[in-house]
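Peer 1: Below is one structure. I have some questions about it.
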Amino acid sequence: MPGEIKRADAVFEGGGVKGIGLVGAVAVTEEKGYRFENVAGTSAGAIVAALIAAGYKAGKLKEIIEGLDYNDFKDKGMLDKIPIIGFALSLGFEKGIYEGDFFEKWLRELLLKASPPVRTFKDLRTGEQDPRYRYKLQVIAADVTRGMMLVLPRDIEDYGIEPDDLDVALAVRMSMSIPFFFEPVILKDKHGLDCYIVDGGVLSNFPVWLFDDKTADPPWPTFGYKLVEPDSGKPNRINGPITLFAALFNTMMDAHDARYIEDADFVRTITIPTLGVRTTEFDLSRKRSDNLYQSGRGAAEKFFEHWDFANYKKEYREKEAMGRRARVSA
C-alpha cells in the first residue's frame, strides 16, 4: 500500500569507496517504504550502517558523499612524510601507510550531529536482550593477533571494555582498517596481549547471516547489500608481488562468505555492480561517483520488482523448518 511503513534489517558489504553504491540502493529501499530496525556491516558497509543507525537518511548520505574529498582519508603521520622511504618506514613501524585518524574524527563528528547525538553504543541500545538485537548497529572487525572475527560491540568485552562504552566511531575505524593501507587499531586483551584489529573483510565481508534466527519465523526480512565486481568469479592474474598481494587480499575478502552464502541469502540480496571502481580509488571523479550511486539505485529497483517476503518465507524458511524437524525425529 502507498505510504505503508515496512520494517527490515540490513547488512552492508565492505568495499572502500565502492560503498557509494550502497547509498544508492538504500535510497530506493527507503522509497519503497522500508524502515531499518537493525543494521550491520563491514568496512565501508559499517560506515553506511553506522550513519543509518544514527538516523541519517539516504538523501543526507548522498549530500555527505558529494561534499567529500576521499583523499583526506589518506592522512599521513611523521614517518610517512619522510621523503622516499616514508611509506616503507610507516609500514615497518606502524603496520600501515595511512593513520586513519582523519576518518575516525570525520565519522565521530557526523554521529554527534545526529538527532539525538550518538557517541557510544549505549546510545544505540534497542531494549532487546538477545545479543543479535541488543544494539541497532553491529560491525565486523578482525583480530589478526588472536585469529578471531569480532562482532562489535558484543566482543569488545574480550579487551576489558563494556559494550555500552565502546565509541561507535572507533568500532567502525577498526572495521575499515584495510591491512597495510591503514594502521591497525591496537587493543590489549584481558591478558595484556597487544592485539592488532583490522578490516573485518579479512574474515567476513558480507555477514548477511548476522540477524538470522533459524528457530523462528522472521517478522520482517533482512536485506543484504552486496558489491559485485565486473570480473567476479574470474581467475586472478598474478605476474608479480603486487598482483600476488592483491589476489591474496581479494581471496580473503570473498572466499569465506562465498563458501557459506546459501541460495536463501542470494534471494534477499541486492547485488550492486561496482563498474570497475577500486576499493582504494580515493581520487574517484564526481562522474564515476554518480555512476556508482546510480548503479546502486538500479540494482535495488530491479530487486524490488520481484521481491515478495511471503514467498521468500514459504520457499526457504519452511524448508529450513522441515529440515530441522527431520533431523530431530531421526
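Just so we're on the same page: first chain in the C-alpha cells is A, next is B, and so on; residues restart at 1 for each chain, and ligands are numbered from 1 in the order they show up.
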Show me, as a list in words, the residues that have an atom within 6 Å of stretch 13-18 of chain A when counting only C-alpha atoms, minus same-chain residues fewer than 6 positions from it.
Peer 2: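 So the residues in contact are Gly41, Thr42, Ser43, Ala44, Gly45, Asn205, Phe206, Lys226, Thr279 and Thr280 of chain A.
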Peer 1: How would the residues just picked look written out with C-alpha atoms as a PDB file, in the first residue's frame?
Peer 2:
```pdb
ATOM      1  CA  GLY A  41      28.214  -4.023   8.036  1.00  0.00           C
ATOM      2  CA  THR A  42      31.882  -4.489   7.370  1.00  0.00           C
ATOM      3  CA  SER A  43      34.356  -1.734   6.424  1.00  0.00           C
ATOM      4  CA  ALA A  44      32.567   0.709   4.067  1.00  0.00           C
ATOM      5  CA  GLY A  45      29.376  -1.179   4.864  1.00  0.00           C
ATOM      6  CA  ASN A 205      32.991  -9.082   4.295  1.00  0.00           C
ATOM      7  CA  PHE A 206      29.274  -9.866   3.916  1.00  0.00           C
ATOM      8  CA  LYS A 226      26.446  -6.721  -1.882  1.00  0.00           C
ATOM      9  CA  THR A 279      38.378  -0.264  -3.206  1.00  0.00           C
ATOM     10  CA  THR A 280      41.048   2.413  -2.594  1.00  0.00           C
TER      11      THR A 280
END
```
Peer 1: For stretch 139-248 of chain A versus stretch 106-110 of chain A, which residues have an atom no more than 9 Å away, and what is each residue's nearest atom pair and distance in Å rounded to one decimal, using only C-alpha atoms, chain-then-number order, as CSV?
Peer 2:
```
residue,atom,partner,partner_atom,distance
A:Asp167,CA,A:Arg108,CA,8.7
A:Val168,CA,A:Arg108,CA,7.7
A:Ala169,CA,A:Arg108,CA,5.2
A:Leu170,CA,A:Arg108,CA,8.3
A:Val172,CA,A:Leu107,CA,8.6
A:Arg173,CA,A:Leu107,CA,8.8
```
Peer 1: Could you give me, as a PDB file with N, CA, C and O atoms, in the first residue's frame, the residues within 8 Å of A:Arg7, counting only C-alpha atoms and dropping anything in the same chain fewer than 2 positions from it?
Peer 2:
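Output file out.pdb follows:
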```pdb
ATOM      1  N   ILE A   5       4.623   1.862   6.024  1.00  0.00           N
ATOM      2  CA  ILE A   5       5.962   1.699   6.575  1.00  0.00           C
ATOM      3  C   ILE A   5       6.203   0.216   6.822  1.00  0.00           C
ATOM      4  O   ILE A   5       5.476  -0.436   7.567  1.00  0.00           O
ATOM      5  N   ASP A   9      15.688  -5.474   8.427  1.00  0.00           N
ATOM      6  CA  ASP A   9      17.069  -5.385   8.869  1.00  0.00           C
ATOM      7  C   ASP A   9      17.947  -5.296   7.621  1.00  0.00           C
ATOM      8  O   ASP A   9      17.513  -5.663   6.520  1.00  0.00           O
ATOM      9  N   TYR A  34      10.435   1.139   3.314  1.00  0.00           N
ATOM     10  CA  TYR A  34      11.070   0.370   4.381  1.00  0.00           C
ATOM     11  C   TYR A  34      11.764   1.272   5.392  1.00  0.00           C
ATOM     12  O   TYR A  34      12.365   2.286   5.041  1.00  0.00           O
ATOM     13  N   ARG A  35      11.685   0.842   6.646  1.00  0.00           N
ATOM     14  CA  ARG A  35      12.400   1.490   7.752  1.00  0.00           C
ATOM     15  C   ARG A  35      13.316   0.445   8.375  1.00  0.00           C
ATOM     16  O   ARG A  35      12.884  -0.666   8.686  1.00  0.00           O
ATOM     17  N   PHE A  36      14.580   0.801   8.551  1.00  0.00           N
ATOM     18  CA  PHE A  36      15.550  -0.159   9.077  1.00  0.00           C
ATOM     19  C   PHE A  36      15.454  -0.260  10.598  1.00  0.00           C
ATOM     20  O   PHE A  36      15.475   0.749  11.305  1.00  0.00           O
ATOM     21  N   GLU A  37      15.374  -1.502  11.077  1.00  0.00           N
ATOM     22  CA  GLU A  37      15.344  -1.771  12.509  1.00  0.00           C
ATOM     23  C   GLU A  37      16.747  -2.028  13.044  1.00  0.00           C
ATOM     24  O   GLU A  37      17.210  -1.380  13.959  1.00  0.00           O
ATOM     25  N   TRP A 220      10.143  -9.748   9.866  1.00  0.00           N
ATOM     26  CA  TRP A 220      10.448  -8.891   8.727  1.00  0.00           C
ATOM     27  C   TRP A 220      11.744  -9.390   8.090  1.00  0.00           C
ATOM     28  O   TRP A 220      12.497 -10.146   8.690  1.00  0.00           O
ATOM     29  N   PRO A 221      12.022  -8.980   6.862  1.00  0.00           N
ATOM     30  CA  PRO A 221      13.186  -9.520   6.150  1.00  0.00           C
ATOM     31  C   PRO A 221      14.503  -8.878   6.561  1.00  0.00           C
ATOM     32  O   PRO A 221      14.533  -7.774   7.116  1.00  0.00           O
TER      33      PRO A 221
END
```
Peer 1: Which polymer residues have any atom within 8 Å of an atom of A:Pro179, counting only C-alpha atoms, with same-chain residues fewer than 3 positions away left out, as a ChimeraX atom specification?
Peer 2: /A:96,182-184,198-199
Peer 1: Write a file of the selected residues as a tab-separated table (two decimals), in the first residue's frame, keeping C-alpha atoms.
Peer 2:
```
chain	number	residue	atom	x	y	z
A	96	GLY	CA	50.03	0.75	7.79
A	182	PHE	CA	45.53	1.94	7.18
A	183	GLU	CA	47.23	1.40	10.50
A	184	PRO	CA	45.51	-1.28	12.59
A	198	VAL	CA	41.95	-4.76	11.09
A	199	ASP	CA	39.27	-4.66	8.39
```
Peer 1: So which residues touch A:Ser289 within 9 Å, counting only C-alpha atoms, skipping near sequence neighbours fewer than 4 positions away, as number ranges by chain?
Peer 2: A: 17-18, 20-21, 65-66, 277, 284-285, 293-294
Peer 1: Could you save those same residues with N, CA and C atoms as a JSON list (two decimals), in the first residue's frame?
Peer 2:
```
[["chain", "number", "residue", "atom", "x", "y", "z"],
["A", 17, "VAL", "N", 35.72, 2.81, -1.24],
["A", 17, "VAL", "CA", 34.94, 3.90, -1.84],
["A", 17, "VAL", "C", 33.77, 3.36, -2.66],
["A", 18, "LYS", "N", 33.77, 2.07, -2.95],
["A", 18, "LYS", "CA", 32.65, 1.49, -3.68],
["A", 18, "LYS", "C", 31.36, 1.53, -2.86],
["A", 20, "ILE", "N", 29.69, 3.86, -2.08],
["A", 20, "ILE", "CA", 28.76, 4.84, -2.64],
["A", 20, "ILE", "C", 27.56, 4.12, -3.26],
["A", 21, "GLY", "N", 27.82, 2.98, -3.87],
["A", 21, "GLY", "CA", 26.73, 2.21, -4.47],
["A", 21, "GLY", "C", 25.72, 1.75, -3.44],
["A", 65, "ILE", "N", 28.40, 12.48, 0.73],
["A", 65, "ILE", "CA", 29.31, 11.91, -0.27],
["A", 65, "ILE", "C", 29.75, 12.96, -1.27],
["A", 66, "GLU", "N", 28.79, 13.76, -1.75],
["A", 66, "GLU", "CA", 29.09, 14.75, -2.77],
["A", 66, "GLU", "C", 30.03, 15.85, -2.26],
["A", 277, "VAL", "N", 35.19, 0.32, -10.27],
["A", 277, "VAL", "CA", 35.77, 1.20, -9.24],
["A", 277, "VAL", "C", 36.56, 0.35, -8.25],
["A", 284, "LEU", "N", 38.55, 9.22, -6.89],
["A", 284, "LEU", "CA", 37.35, 8.95, -7.68],
["A", 284, "LEU", "C", 36.73, 10.25, -8.17],
["A", 285, "SER", "N", 36.44, 10.32, -9.47],
["A", 285, "SER", "CA", 35.85, 11.54, -10.03],
["A", 285, "SER", "C", 34.37, 11.64, -9.66],
["A", 293, "TYR", "N", 26.60, 5.50, -7.66],
["A", 293, "TYR", "CA", 25.36, 5.73, -6.90],
["A", 293, "TYR", "C", 24.16, 5.26, -7.72],
["A", 294, "GLN", "N", 24.12, 5.61, -9.00],
["A", 294, "GLN", "CA", 23.02, 5.20, -9.87],
["A", 294, "GLN", "C", 23.01, 3.69, -10.07]]
```
Peer 1: Find the residues around A:Pro273 up to 9 Å (only C-alpha atoms counted), leave out those fewer than 4 positions away in its own chain, and share them as a list in words.
Peer 2: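 The contact residues come out as Gly21, Lys226, Leu227, Val228, Glu229, Pro230, Leu292, Ser295, Gly296 and Ala299 of chain A.
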Peer 1: Per DSSP on the backbone, filter stretch 12-56 of chain A down to the residues in alpha helix (DSSP H) and report them as a short mmCIF file (atom, residue, chain, number, x, y, z; two decimals) with N, CA and C atoms, in the first residue's frame.
Peer 2:
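Final file, states_30.cif:
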```
data_model
loop_
_atom_site.label_atom_id
_atom_site.label_comp_id
_atom_site.auth_asym_id
_atom_site.auth_seq_id
_atom_site.Cartn_x
_atom_site.Cartn_y
_atom_site.Cartn_z
N ILE A 20 29.69 3.86 -2.08
CA ILE A 20 28.76 4.84 -2.64
C ILE A 20 27.56 4.12 -3.26
N GLY A 21 27.82 2.98 -3.87
CA GLY A 21 26.73 2.21 -4.47
C GLY A 21 25.72 1.75 -3.44
N LEU A 22 26.17 1.48 -2.22
CA LEU A 22 25.27 1.08 -1.14
C LEU A 22 24.24 2.17 -0.87
N VAL A 23 24.69 3.42 -0.90
CA VAL A 23 23.80 4.55 -0.60
C VAL A 23 22.69 4.65 -1.65
N GLY A 24 23.03 4.44 -2.93
CA GLY A 24 22.01 4.45 -3.97
C GLY A 24 20.95 3.39 -3.73
N ALA A 25 21.37 2.20 -3.33
CA ALA A 25 20.42 1.11 -3.06
C ALA A 25 19.57 1.41 -1.83
N VAL A 26 20.17 2.03 -0.82
CA VAL A 26 19.41 2.42 0.38
C VAL A 26 18.33 3.44 0.02
N ALA A 27 18.65 4.36 -0.87
CA ALA A 27 17.67 5.38 -1.27
C ALA A 27 16.41 4.73 -1.83
N VAL A 28 16.58 3.75 -2.69
CA VAL A 28 15.42 3.07 -3.27
C VAL A 28 14.67 2.27 -2.20
N THR A 29 15.41 1.63 -1.30
CA THR A 29 14.77 0.87 -0.23
C THR A 29 13.87 1.78 0.60
N GLU A 30 14.35 2.97 0.92
CA GLU A 30 13.52 3.93 1.67
C GLU A 30 12.30 4.34 0.84
N GLU A 31 12.50 4.57 -0.43
CA GLU A 31 11.39 4.97 -1.29
C GLU A 31 10.32 3.89 -1.39
N ALA A 44 33.43 -0.35 4.59
CA ALA A 44 32.57 0.71 4.07
C ALA A 44 31.11 0.44 4.41
N GLY A 45 30.74 -0.83 4.46
CA GLY A 45 29.38 -1.18 4.86
C GLY A 45 29.10 -0.79 6.30
N ALA A 46 30.13 -0.84 7.15
CA ALA A 46 29.97 -0.43 8.54
C ALA A 46 29.75 1.07 8.65
N ILE A 47 30.40 1.84 7.76
CA ILE A 47 30.22 3.29 7.75
C ILE A 47 28.76 3.63 7.42
N VAL A 48 28.24 3.03 6.35
CA VAL A 48 26.86 3.28 5.95
C VAL A 48 25.90 2.84 7.06
N ALA A 49 26.15 1.65 7.62
CA ALA A 49 25.28 1.13 8.68
C ALA A 49 25.29 2.05 9.91
N ALA A 50 26.46 2.55 10.30
CA ALA A 50 26.55 3.41 11.48
C ALA A 50 25.75 4.70 11.30
N LEU A 51 25.84 5.29 10.12
CA LEU A 51 25.12 6.54 9.88
C LEU A 51 23.62 6.30 9.80
N ILE A 52 23.21 5.18 9.23
CA ILE A 52 21.78 4.84 9.22
C ILE A 52 21.29 4.60 10.64
N ALA A 53 22.07 3.89 11.44
CA ALA A 53 21.68 3.63 12.83
C ALA A 53 21.52 4.93 13.61
#
```
